[in-house]
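Shown next: structure.cif, containing mmCIF, C-alpha atoms and all ligand atoms.
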data_query
loop_
_atom_site.label_atom_id
_atom_site.label_comp_id
_atom_site.auth_asym_id
_atom_site.auth_seq_id
_atom_site.Cartn_x
_atom_site.Cartn_y
_atom_site.Cartn_z
CA MET A 145 56.34 -71.30 -27.21
CA THR A 146 54.51 -72.63 -30.22
CA GLY A 147 51.31 -70.79 -29.47
CA ILE A 148 49.45 -74.09 -29.55
CA GLU A 149 47.62 -74.76 -26.34
CA GLU A 150 47.05 -78.10 -24.74
CA PRO A 151 43.50 -79.15 -25.51
CA SER A 152 41.49 -78.69 -22.32
CA SER A 153 40.31 -81.87 -20.74
CA THR A 154 37.03 -82.95 -22.33
CA PRO A 155 34.47 -85.05 -20.45
CA THR A 156 35.36 -88.10 -22.56
CA SER A 157 38.99 -88.02 -21.44
CA ARG A 158 38.07 -88.50 -17.79
CA VAL A 159 38.12 -91.78 -15.97
CA ILE A 160 35.76 -91.73 -13.04
CA THR A 161 35.97 -94.45 -10.41
CA HIS A 162 33.89 -92.93 -7.57
CA VAL A 163 30.87 -90.63 -7.41
CA ILE A 164 29.72 -88.16 -4.74
CA PHE A 165 26.17 -86.86 -4.81
CA ASP A 166 24.71 -83.73 -3.29
CA LEU A 167 21.32 -84.35 -1.69
CA ASP A 168 18.94 -81.38 -1.60
CA GLY A 169 17.76 -80.18 -4.99
CA LEU A 170 19.84 -82.88 -6.72
CA LEU A 171 18.55 -86.28 -5.56
CA LEU A 172 15.61 -85.10 -3.43
CA ASN A 173 13.13 -82.35 -4.22
CA THR A 174 13.57 -80.62 -0.84
CA GLU A 175 14.62 -77.12 -1.95
CA ILE A 176 10.94 -76.30 -2.52
CA PHE A 177 10.33 -76.74 1.22
CA TYR A 178 13.15 -74.38 2.23
CA THR A 179 11.83 -71.81 -0.25
CA GLN A 180 8.28 -72.05 1.07
CA ILE A 181 9.32 -71.83 4.73
CA LEU A 182 11.73 -68.95 4.23
CA MET A 183 9.35 -66.93 2.05
CA GLU A 184 6.72 -67.10 4.78
CA TYR A 185 9.22 -66.42 7.54
CA ALA A 186 10.71 -63.38 5.78
CA ALA A 187 7.20 -62.03 5.08
CA ARG A 188 6.45 -62.07 8.83
CA PHE A 189 9.13 -59.43 9.20
CA GLY A 190 7.93 -57.53 6.14
CA LYS A 191 10.89 -58.77 4.08
CA GLU A 192 11.13 -60.52 0.75
CA PHE A 193 13.01 -63.79 0.33
CA THR A 194 14.78 -63.56 -3.04
CA TRP A 195 16.46 -66.00 -5.40
CA GLU A 196 19.71 -64.09 -4.89
CA LEU A 197 19.60 -64.88 -1.15
CA LYS A 198 18.53 -68.46 -1.75
CA GLN A 199 21.42 -69.10 -4.12
CA GLN A 200 23.84 -67.89 -1.43
CA GLN A 201 22.24 -70.15 1.19
CA MET A 202 21.99 -73.36 -0.82
CA GLY A 203 24.43 -76.06 0.27
CA ARG A 204 25.71 -74.19 3.33
CA LYS A 205 25.66 -75.49 6.89
CA GLU A 206 22.29 -74.64 8.45
CA HIS A 207 23.82 -72.25 10.97
CA GLU A 208 25.92 -70.42 8.35
CA SER A 209 22.87 -70.17 6.13
CA ALA A 210 20.78 -68.75 9.00
CA GLN A 211 23.27 -65.96 9.73
CA LEU A 212 23.47 -65.18 6.03
CA ALA A 213 19.68 -64.67 5.81
CA ILE A 214 19.59 -62.60 9.01
CA ASP A 215 22.31 -60.27 7.72
CA TYR A 216 20.96 -60.13 4.16
CA LEU A 217 17.37 -59.35 5.16
CA GLY A 218 18.15 -57.52 8.41
CA LEU A 219 16.00 -59.81 10.54
CA PRO A 220 15.64 -58.84 14.24
CA ILE A 221 16.32 -62.42 15.44
CA THR A 222 19.25 -64.64 16.38
CA ALA A 223 20.55 -67.54 14.29
CA GLU A 224 19.27 -69.89 17.02
CA GLU A 225 15.72 -68.53 16.71
CA TYR A 226 15.91 -68.77 12.93
CA CYS A 227 17.12 -72.37 13.05
CA ARG A 228 14.51 -73.35 15.63
CA HIS A 229 11.70 -72.00 13.47
CA VAL A 230 12.97 -73.49 10.21
CA ARG A 231 13.60 -76.83 11.88
CA GLU A 232 10.06 -76.96 13.26
CA GLU A 233 8.58 -76.33 9.82
CA LEU A 234 10.99 -78.74 8.14
CA THR A 235 9.98 -81.49 10.57
CA ARG A 236 6.52 -81.37 9.04
CA LEU A 237 7.55 -81.14 5.40
CA LEU A 238 10.76 -83.16 4.94
CA PRO A 239 9.26 -86.63 5.50
CA THR A 240 7.18 -86.07 2.33
CA SER A 241 10.30 -85.51 0.18
CA GLN A 242 10.26 -87.03 -3.31
CA PHE A 243 13.06 -88.03 -5.68
CA LEU A 244 13.98 -85.69 -8.52
CA PRO A 245 13.70 -87.08 -12.08
CA GLY A 246 16.52 -89.45 -12.97
CA ALA A 247 17.91 -89.75 -9.43
CA VAL A 248 16.84 -93.34 -8.76
CA LYS A 249 17.73 -94.39 -12.30
CA LEU A 250 21.27 -92.98 -12.11
CA VAL A 251 22.11 -94.10 -8.57
CA SER A 252 20.76 -97.64 -9.16
CA HIS A 253 22.66 -97.89 -12.44
CA LEU A 254 26.02 -96.89 -10.92
CA HIS A 255 25.40 -99.05 -7.85
CA ARG A 256 24.57 -102.05 -10.03
CA HIS A 257 27.93 -101.57 -11.78
CA GLY A 258 29.83 -101.52 -8.48
CA ILE A 259 30.84 -97.83 -8.52
CA PRO A 260 31.37 -96.65 -4.91
CA LEU A 261 28.83 -93.88 -4.19
CA ALA A 262 28.60 -91.36 -1.35
CA ILE A 263 26.48 -88.36 -0.34
CA ALA A 264 27.88 -84.96 0.71
CA THR A 265 25.21 -82.60 2.02
CA GLY A 266 24.92 -79.37 4.01
CA SER A 267 22.24 -81.04 6.14
CA ASP A 268 22.76 -82.04 9.75
CA SER A 269 21.72 -85.43 11.16
CA PHE A 270 18.34 -84.13 12.31
CA THR A 271 17.18 -82.91 8.88
CA PHE A 272 18.99 -85.72 7.05
CA LYS A 273 16.95 -88.26 8.99
CA LYS A 274 13.71 -86.49 8.12
CA LYS A 275 14.64 -86.14 4.45
CA THR A 276 15.52 -89.80 4.05
CA MET A 277 13.10 -91.50 6.45
CA ASN A 278 11.05 -92.98 3.61
CA HIS A 279 14.06 -93.74 1.41
CA GLY A 280 15.92 -96.32 3.47
CA ASP A 281 16.51 -98.74 0.59
CA PHE A 282 17.86 -95.92 -1.55
CA LEU A 283 20.38 -94.93 1.15
CA LEU A 284 21.75 -98.49 1.21
CA MET A 285 23.23 -97.90 -2.25
CA PHE A 286 25.72 -95.40 -0.76
CA THR A 287 28.83 -96.46 1.14
CA HIS A 288 28.64 -93.39 3.41
CA TRP A 289 27.26 -89.88 3.75
CA VAL A 290 28.87 -86.74 5.11
CA LEU A 291 26.63 -84.17 6.81
CA SER A 292 28.52 -80.90 7.03
CA GLY A 293 25.85 -79.49 9.37
CA ASP A 294 27.21 -81.41 12.35
CA ASP A 295 30.29 -83.35 11.22
CA PRO A 296 33.22 -82.07 13.30
CA MET A 297 35.69 -83.00 10.53
CA VAL A 298 34.04 -80.55 8.11
CA ARG A 299 35.40 -77.18 9.26
CA SER A 300 33.62 -74.97 6.74
CA GLY A 301 30.52 -75.75 4.71
CA LYS A 302 30.19 -75.45 0.91
CA PRO A 303 31.56 -73.44 -0.99
CA ALA A 304 34.69 -74.59 0.91
CA PRO A 305 36.12 -77.89 -0.41
CA ASP A 306 36.24 -79.51 3.07
CA ILE A 307 33.11 -81.63 2.76
CA PHE A 308 34.20 -83.27 -0.51
CA LEU A 309 37.74 -83.92 0.76
CA VAL A 310 36.42 -85.49 3.98
CA CYS A 311 33.92 -87.52 1.97
CA ASN A 312 36.67 -88.72 -0.38
CA ASP A 313 38.91 -89.78 2.52
CA ARG A 314 36.12 -91.98 3.84
CA PHE A 315 36.00 -94.14 0.71
CA LYS A 316 37.78 -97.44 1.15
CA ASP A 317 41.12 -96.89 -0.70
CA PRO A 318 40.49 -93.15 -1.31
CA PRO A 319 40.86 -92.24 -5.00
CA LYS A 320 42.51 -89.12 -6.41
CA PRO A 321 40.03 -86.21 -6.48
CA GLU A 322 40.30 -86.01 -10.29
CA ASN A 323 38.80 -89.51 -10.51
CA VAL A 324 35.80 -88.58 -8.39
CA LEU A 325 32.72 -87.16 -10.05
CA VAL A 326 30.53 -84.75 -8.08
CA PHE A 327 26.86 -84.06 -8.83
CA GLU A 328 25.56 -80.71 -7.56
CA ASP A 329 22.63 -78.35 -8.05
CA ALA A 330 23.95 -75.42 -5.98
CA LEU A 331 26.52 -72.86 -7.06
CA ASN A 332 28.18 -73.20 -3.62
CA GLY A 333 28.37 -76.95 -4.17
CA VAL A 334 29.90 -76.68 -7.64
CA THR A 335 32.49 -74.24 -6.31
CA ALA A 336 33.26 -76.61 -3.40
CA GLY A 337 33.68 -79.63 -5.69
CA VAL A 338 35.94 -77.77 -8.11
CA ALA A 339 38.01 -76.43 -5.19
CA ALA A 340 38.44 -80.06 -4.06
CA GLY A 341 39.91 -80.85 -7.50
CA MET A 342 36.93 -82.88 -8.68
CA PRO A 343 35.02 -82.65 -11.96
CA VAL A 344 31.47 -81.50 -11.28
CA VAL A 345 28.21 -82.18 -13.10
CA ALA A 346 25.93 -79.21 -12.42
CA VAL A 347 22.15 -79.56 -12.53
CA PRO A 348 21.13 -76.02 -11.55
CA ASP A 349 17.73 -74.70 -10.50
CA GLU A 350 15.82 -73.26 -13.47
CA ARG A 351 16.24 -69.76 -11.99
CA ALA A 352 20.04 -70.04 -12.01
CA ASN A 353 22.26 -68.29 -14.54
CA TRP A 354 24.33 -70.93 -16.39
CA GLU A 355 27.12 -68.36 -16.84
CA ASP A 356 27.77 -68.63 -13.09
CA PHE A 357 28.35 -72.40 -13.48
CA ARG A 358 31.17 -72.15 -16.06
CA HIS A 359 33.57 -73.97 -13.72
CA ALA A 360 31.43 -77.14 -13.89
CA ALA A 361 32.60 -79.93 -16.24
CA VAL A 362 29.10 -80.03 -17.71
CA ILE A 363 25.78 -78.29 -17.03
CA LEU A 364 22.55 -80.27 -17.41
CA LYS A 365 18.85 -79.42 -17.21
CA SER A 366 18.07 -82.73 -15.52
CA LEU A 367 19.85 -85.82 -14.23
CA LEU A 368 17.98 -87.64 -17.01
CA ASP A 369 20.31 -85.90 -19.51
CA PHE A 370 23.49 -87.36 -17.96
CA LYS A 371 25.52 -89.65 -20.22
CA PRO A 372 27.69 -91.90 -18.00
CA GLU A 373 29.97 -92.85 -20.92
CA ASP A 374 31.08 -89.19 -21.25
CA PHE A 375 32.95 -89.72 -17.98
CA GLY A 376 34.21 -93.24 -18.60
CA LEU A 377 31.34 -94.76 -16.64
CA PRO A 378 29.25 -97.70 -17.90
CA PRO A 379 26.51 -96.49 -20.29
CA TYR A 380 22.84 -97.14 -19.69
CA ASP A 381 21.72 -100.16 -21.65
CA HIS A 382 19.15 -99.33 -24.31
CA HIS A 383 16.51 -101.61 -22.86
CA SER A 384 15.96 -99.62 -19.69
CA HIS A 385 13.63 -96.74 -20.44
CA HIS A 386 12.57 -95.70 -16.96
O1 LIG A 401 16.87 -72.28 0.81
C1 LIG A 401 17.76 -72.93 1.35
N1 LIG A 401 18.28 -74.01 0.75
C2 LIG A 401 19.28 -74.75 1.32
C3 LIG A 401 19.81 -74.41 2.52
C4 LIG A 401 20.93 -75.17 3.18
O2 LIG A 401 21.49 -76.09 2.25
C5 LIG A 401 21.47 -77.41 2.78
C6 LIG A 401 21.26 -78.43 1.72
O3 LIG A 401 22.43 -78.52 1.02
P1 LIG A 401 22.80 -79.70 0.01
O4 LIG A 401 22.18 -79.34 -1.28
O5 LIG A 401 24.29 -79.56 0.04
O6 LIG A 401 22.29 -81.01 0.53
C7 LIG A 401 20.35 -77.41 3.78
O7 LIG A 401 20.50 -78.44 4.72
C8 LIG A 401 20.49 -76.02 4.37
O8 LIG A 401 21.50 -76.00 5.33
C9 LIG A 401 19.26 -73.27 3.15
O9 LIG A 401 19.67 -72.90 4.25
N2 LIG A 401 18.26 -72.56 2.55
MG MG A 402 21.90 -79.16 -3.29
#

Could you rewrite the structure in this file as structure tokens?
Ligand SMILES: O=c1[nH]cc([C@@H]2O[C@H](COP(=O)(O)O)[C@@H](O)[C@H]2O)c(=O)[nH]1
Ligand SMILES: [Mg+2]
Amino acid sequence: MTGIEEPSSTPTSRVITHVIFDLDGLLLNTEIFYTQILMEYAARFGKEFTWELKQQQMGRKEHESAQLAIDYLGLPITAEEYCRHVREELTRLLPTSQFLPGAVKLVSHLHRHGIPLAIATGSDSFTFKKKTMNHGDFLLMFTHWVLSGDDPMVRSGKPAPDIFLVCNDRFKDPPKPENVLVFEDALNGVTAGVAAGMPVVAVPDERANWEDFRHAAVILKSLLDFKPEDFGLPPYDHHSHH
């Protein structure tokens, strides 16, 4: 032993060939809807929906997330009732979903350079359809999307690695996980990506504690702060300022 440690892998030493994006709270500003619905729902039972609970729910399959809230808050309802209510409210709100800053810029840039892109989300097909119904052209830039909510191949939702491994296998000529970059906002999602052996770019909610995201390759305030060249991806050209 020389006592000299191998330098840990820096972002610049990585060569990324494929990218997997989370959806809610990363590309689309849909987390605000879940927060609004669940605050009101919890209040009906005289309970308070907290950030601590939300952070545990984010990224999970809808059914897993429902049971978590019921247990955490002690709600006198079943997971089915919870899901039915949330779904009804979401049906109204999700079609109005907007992109988060930098999402269209980043996805279009990588797509233009021929990088295979996919989506891995805790949504099921019902909510996914509502979330993306006004973003059809945007969806065409992805080769596929995996919806852990009702995909039988995804045994456990985030924070388990299943969704990212299934998503990776569905790329044409699946790459090694270390060559796949994951973008996530949720702690459960970052943990899932890392467990799948993939470097993860974390873009956490402003309420999150960055200490909790230490396992991410990099933590950013916004997608606008991402530098593709740090991961061996083509840089933005200086002429595009939108
Ligand atoms: O406040 C919440 N946020 C998010 C979720 C769950 O997280 C999923 C979104 O995850 P992702 O960011 O992986 O798309 C939603 O479909 C839902 O199942 C939730 O239950 N409650
Ligand atoms: Mg998310």

Smallest atom-to-atom distance to ligand MG 402 (chain A): which of A:Leu261, A:Ala346, A:Leu284, A:Val362, using all atoms listed in the file?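 Between A:Leu261, A:Ala346, A:Leu284, A:Val362, the residue approaching ligand MG 402 (chain A) most closely is A:Ala346.
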
As an exercise, work out the distance from atom CA of A:Asp295 to atom CA of A:Asp313 in Å and give it to one decimal place. 13.8 Å

With 6 Å of padding per side, what axis-aligned box (centre and edge lengths, Å, one decimal) covers all the listed atoms of ligand LIG 401 (chain A)? Give it as JSON.
{"center_x": 20.6, "center_y": -76.6, "center_z": 2.0, "size_x": 19.4, "size_y": 20.7, "size_z": 18.6}

If the limit is 9 Å from any atom of ligand MG 402 (chain A), counting all atoms listed in the file, which residues qualify? Return them as a PyMOL selection string. chain A and resi 165-172+174-175+202-203+265-266+327-333+348

What does the distance from atom CA of A:Asp356 to atom CA of A:Glu196 come to in Å, to one decimal? 12.4 Å

What's the 12 Å shell around A:Thr161, counting only C-alpha atoms, without same-chain residues fewer than 5 positions away, as a VMD selection string? chain A and resid 254 to 255 257 to 261 312 315 317 to 326 342 to 343 372 375 to 378

Need to verify the contact set: stretch 187-195 of chain A, 10 Å, all atoms listed in the file, exclusion of same-chain residues closer than 4 positions in sequence. Can you return it as a list in words? Thr179, Gln180, Ile181, Leu182, Met183, Gln199, Gln200, Gln201, Ala213, Tyr216, Leu217, Gly218, Leu219, Pro220, Ile221, Arg351 and Ala352 of chain A

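Atom pair atom CA of A:Asn353 / atom C8 of ligand LIG 401 (chain A) has a distance of 20.5 Å (rounded to one decimal).
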
Which residue is closest to ligand LIG 401 (chain A)? Choose from A:Val338, A:Ala210, A:Ile164, A:Val347 and count only C-alpha atoms and all ligand atoms.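 Between A:Val338, A:Ala210, A:Ile164, A:Val347, the residue approaching ligand LIG 401 (chain A) most closely is A:Ala210.
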
I need the residue nearest ligand LIG 401 (chain A) from this list: A:Lys274, A:Lys302, A:Lys316, A:His382. Use all atoms listed in the file for the distance.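 Looking at the shortest contact to ligand LIG 401 (chain A), the residue is A:Lys302.
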
Using all atoms listed in the file, find the one residue out of A:Glu373, A:Glu224, A:Asp268, A:Asp349 that sits nearest to ligand LIG 401 (chain A).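 Checking each of A:Glu373, A:Glu224, A:Asp268, A:Asp349 against ligand LIG 401 (chain A), counting all atoms listed in the file, the winner is A:Asp268.
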
What residues have an atom no more than 12 Å from (28.3, -86.5, 7.5) in the file's own frame, counting only C-alpha atoms, and can you write them as an MDAnalysis selection string? chainID A and resid 166:167 205 262:273 287:299 301 306:312 314

Give the answer as one residue: which of A:Val230, A:Ala186, A:Ala304, A:Leu368 has the shortest atom-to-atom distance to A:His207, using all atoms listed in the file? A:Val230

Could you check the closest approach to A:Asp381 for each of A:Tyr178, A:Pro239, A:Lys249, A:Leu197 and tell me which residue wins, using only C-alpha atoms?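 The answer is A:Lys249, which sits nearest to A:Asp381.
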
Complete stretch 162-198 of chain A at the level of N, CA and C atoms, written as a PDB file, keeping the file's coordinate frame.
ATOM      1  N   HIS A 162      34.750 -93.142  -8.737  1.00  0.00           N
ATOM      2  CA  HIS A 162      33.890 -92.930  -7.570  1.00  0.00           C
ATOM      3  C   HIS A 162      32.969 -91.745  -7.833  1.00  0.00           C
ATOM      4  N   VAL A 163      31.805 -91.741  -7.194  1.00  0.00           N
ATOM      5  CA  VAL A 163      30.870 -90.630  -7.410  1.00  0.00           C
ATOM      6  C   VAL A 163      30.335 -90.131  -6.071  1.00  0.00           C
ATOM      7  N   ILE A 164      30.303 -88.792  -5.935  1.00  0.00           N
ATOM      8  CA  ILE A 164      29.720 -88.160  -4.740  1.00  0.00           C
ATOM      9  C   ILE A 164      28.512 -87.321  -5.161  1.00  0.00           C
ATOM     10  N   PHE A 165      27.392 -87.580  -4.505  1.00  0.00           N
ATOM     11  CA  PHE A 165      26.170 -86.860  -4.810  1.00  0.00           C
ATOM     12  C   PHE A 165      25.835 -85.842  -3.731  1.00  0.00           C
ATOM     13  N   ASP A 166      25.375 -84.669  -4.172  1.00  0.00           N
ATOM     14  CA  ASP A 166      24.710 -83.730  -3.290  1.00  0.00           C
ATOM     15  C   ASP A 166      23.325 -84.327  -3.003  1.00  0.00           C
ATOM     16  N   LEU A 167      22.631 -83.798  -2.023  1.00  0.00           N
ATOM     17  CA  LEU A 167      21.320 -84.350  -1.690  1.00  0.00           C
ATOM     18  C   LEU A 167      20.173 -83.407  -2.095  1.00  0.00           C
ATOM     19  N   ASP A 168      20.086 -82.277  -1.394  1.00  0.00           N
ATOM     20  CA  ASP A 168      18.940 -81.380  -1.600  1.00  0.00           C
ATOM     21  C   ASP A 168      18.970 -80.720  -2.974  1.00  0.00           C
ATOM     22  N   GLY A 169      17.872 -80.820  -3.687  1.00  0.00           N
ATOM     23  CA  GLY A 169      17.760 -80.180  -4.990  1.00  0.00           C
ATOM     24  C   GLY A 169      18.476 -80.938  -6.087  1.00  0.00           C
ATOM     25  N   LEU A 170      19.110 -82.079  -5.720  1.00  0.00           N
ATOM     26  CA  LEU A 170      19.840 -82.880  -6.720  1.00  0.00           C
ATOM     27  C   LEU A 170      19.236 -84.282  -6.779  1.00  0.00           C
ATOM     28  N   LEU A 171      19.187 -84.959  -5.635  1.00  0.00           N
ATOM     29  CA  LEU A 171      18.550 -86.280  -5.560  1.00  0.00           C
ATOM     30  C   LEU A 171      17.115 -86.135  -5.054  1.00  0.00           C
ATOM     31  N   LEU A 172      16.937 -85.286  -4.039  1.00  0.00           N
ATOM     32  CA  LEU A 172      15.610 -85.100  -3.430  1.00  0.00           C
ATOM     33  C   LEU A 172      15.081 -83.694  -3.700  1.00  0.00           C
ATOM     34  N   ASN A 173      13.773 -83.627  -3.908  1.00  0.00           N
ATOM     35  CA  ASN A 173      13.130 -82.350  -4.220  1.00  0.00           C
ATOM     36  C   ASN A 173      12.774 -81.602  -2.930  1.00  0.00           C
ATOM     37  N   THR A 174      13.800 -81.256  -2.147  1.00  0.00           N
ATOM     38  CA  THR A 174      13.570 -80.620  -0.840  1.00  0.00           C
ATOM     39  C   THR A 174      13.767 -79.115  -0.862  1.00  0.00           C
ATOM     40  N   GLU A 175      14.400 -78.573  -1.920  1.00  0.00           N
ATOM     41  CA  GLU A 175      14.620 -77.120  -1.950  1.00  0.00           C
ATOM     42  C   GLU A 175      13.296 -76.360  -1.933  1.00  0.00           C
ATOM     43  N   ILE A 176      12.260 -76.952  -2.510  1.00  0.00           N
ATOM     44  CA  ILE A 176      10.940 -76.300  -2.520  1.00  0.00           C
ATOM     45  C   ILE A 176      10.446 -76.037  -1.095  1.00  0.00           C
ATOM     46  N   PHE A 177      10.785 -76.923  -0.169  1.00  0.00           N
ATOM     47  CA  PHE A 177      10.330 -76.740   1.220  1.00  0.00           C
ATOM     48  C   PHE A 177      11.046 -75.562   1.873  1.00  0.00           C
ATOM     49  N   TYR A 178      12.385 -75.506   1.676  1.00  0.00           N
ATOM     50  CA  TYR A 178      13.150 -74.380   2.230  1.00  0.00           C
ATOM     51  C   TYR A 178      12.598 -73.068   1.673  1.00  0.00           C
ATOM     52  N   THR A 179      12.338 -73.032   0.373  1.00  0.00           N
ATOM     53  CA  THR A 179      11.830 -71.810  -0.250  1.00  0.00           C
ATOM     54  C   THR A 179      10.514 -71.386   0.380  1.00  0.00           C
ATOM     55  N   GLN A 180       9.603 -72.340   0.505  1.00  0.00           N
ATOM     56  CA  GLN A 180       8.280 -72.050   1.070  1.00  0.00           C
ATOM     57  C   GLN A 180       8.392 -71.528   2.504  1.00  0.00           C
ATOM     58  N   ILE A 181       9.177 -72.207   3.320  1.00  0.00           N
ATOM     59  CA  ILE A 181       9.320 -71.830   4.730  1.00  0.00           C
ATOM     60  C   ILE A 181       9.954 -70.445   4.857  1.00  0.00           C
ATOM     61  N   LEU A 182      10.998 -70.203   4.080  1.00  0.00           N
ATOM     62  CA  LEU A 182      11.730 -68.950   4.230  1.00  0.00           C
ATOM     63  C   LEU A 182      10.986 -67.765   3.627  1.00  0.00           C
ATOM     64  N   MET A 183      10.189 -68.003   2.591  1.00  0.00           N
ATOM     65  CA  MET A 183       9.350 -66.930   2.050  1.00  0.00           C
ATOM     66  C   MET A 183       8.361 -66.464   3.107  1.00  0.00           C
ATOM     67  N   GLU A 184       7.710 -67.434   3.751  1.00  0.00           N
ATOM     68  CA  GLU A 184       6.720 -67.100   4.780  1.00  0.00           C
ATOM     69  C   GLU A 184       7.361 -66.438   5.986  1.00  0.00           C
ATOM     70  N   TYR A 185       8.529 -66.953   6.357  1.00  0.00           N
ATOM     71  CA  TYR A 185       9.220 -66.420   7.540  1.00  0.00           C
ATOM     72  C   TYR A 185       9.666 -64.976   7.294  1.00  0.00           C
ATOM     73  N   ALA A 186      10.255 -64.731   6.113  1.00  0.00           N
ATOM     74  CA  ALA A 186      10.710 -63.380   5.780  1.00  0.00           C
ATOM     75  C   ALA A 186       9.519 -62.412   5.750  1.00  0.00           C
ATOM     76  N   ALA A 187       8.403 -62.879   5.208  1.00  0.00           N
ATOM     77  CA  ALA A 187       7.200 -62.030   5.080  1.00  0.00           C
ATOM     78  C   ALA A 187       6.695 -61.582   6.456  1.00  0.00           C
ATOM     79  N   ARG A 188       6.833 -62.431   7.457  1.00  0.00           N
ATOM     80  CA  ARG A 188       6.450 -62.070   8.830  1.00  0.00           C
ATOM     81  C   ARG A 188       7.131 -60.807   9.303  1.00  0.00           C
ATOM     82  N   PHE A 189       8.360 -60.607   8.805  1.00  0.00           N
ATOM     83  CA  PHE A 189       9.130 -59.430   9.200  1.00  0.00           C
ATOM     84  C   PHE A 189       9.048 -58.338   8.134  1.00  0.00           C
ATOM     85  N   GLY A 190       8.105 -58.509   7.207  1.00  0.00           N
ATOM     86  CA  GLY A 190       7.930 -57.530   6.140  1.00  0.00           C
ATOM     87  C   GLY A 190       9.066 -57.547   5.132  1.00  0.00           C
ATOM     88  N   LYS A 191       9.764 -58.676   5.019  1.00  0.00           N
ATOM     89  CA  LYS A 191      10.890 -58.770   4.080  1.00  0.00           C
ATOM     90  C   LYS A 191      10.572 -59.750   2.954  1.00  0.00           C
ATOM     91  N   GLU A 192      11.357 -59.629   1.896  1.00  0.00           N
ATOM     92  CA  GLU A 192      11.130 -60.520   0.750  1.00  0.00           C
ATOM     93  C   GLU A 192      12.311 -61.464   0.566  1.00  0.00           C
ATOM     94  N   PHE A 193      12.012 -62.763   0.586  1.00  0.00           N
ATOM     95  CA  PHE A 193      13.010 -63.790   0.330  1.00  0.00           C
ATOM     96  C   PHE A 193      13.259 -63.853  -1.170  1.00  0.00           C
ATOM     97  N   THR A 194      14.494 -63.626  -1.606  1.00  0.00           N
ATOM     98  CA  THR A 194      14.780 -63.560  -3.040  1.00  0.00           C
ATOM     99  C   THR A 194      15.626 -64.754  -3.507  1.00  0.00           C
ATOM    100  N   TRP A 195      15.625 -64.946  -4.809  1.00  0.00           N
ATOM    101  CA  TRP A 195      16.460 -66.000  -5.400  1.00  0.00           C
ATOM    102  C   TRP A 195      17.940 -65.742  -5.118  1.00  0.00           C
ATOM    103  N   GLU A 196      18.319 -64.455  -5.136  1.00  0.00           N
ATOM    104  CA  GLU A 196      19.710 -64.090  -4.890  1.00  0.00           C
ATOM    105  C   GLU A 196      20.159 -64.591  -3.501  1.00  0.00           C
ATOM    106  N   LEU A 197      19.294 -64.398  -2.506  1.00  0.00           N
ATOM    107  CA  LEU A 197      19.600 -64.880  -1.150  1.00  0.00           C
ATOM    108  C   LEU A 197      19.628 -66.407  -1.132  1.00  0.00           C
ATOM    109  N   LYS A 198      18.616 -66.997  -1.765  1.00  0.00           N
ATOM    110  CA  LYS A 198      18.530 -68.460  -1.750  1.00  0.00           C
ATOM    111  C   LYS A 198      19.788 -69.090  -2.344  1.00  0.00           C
TER     112      LYS A 198
END
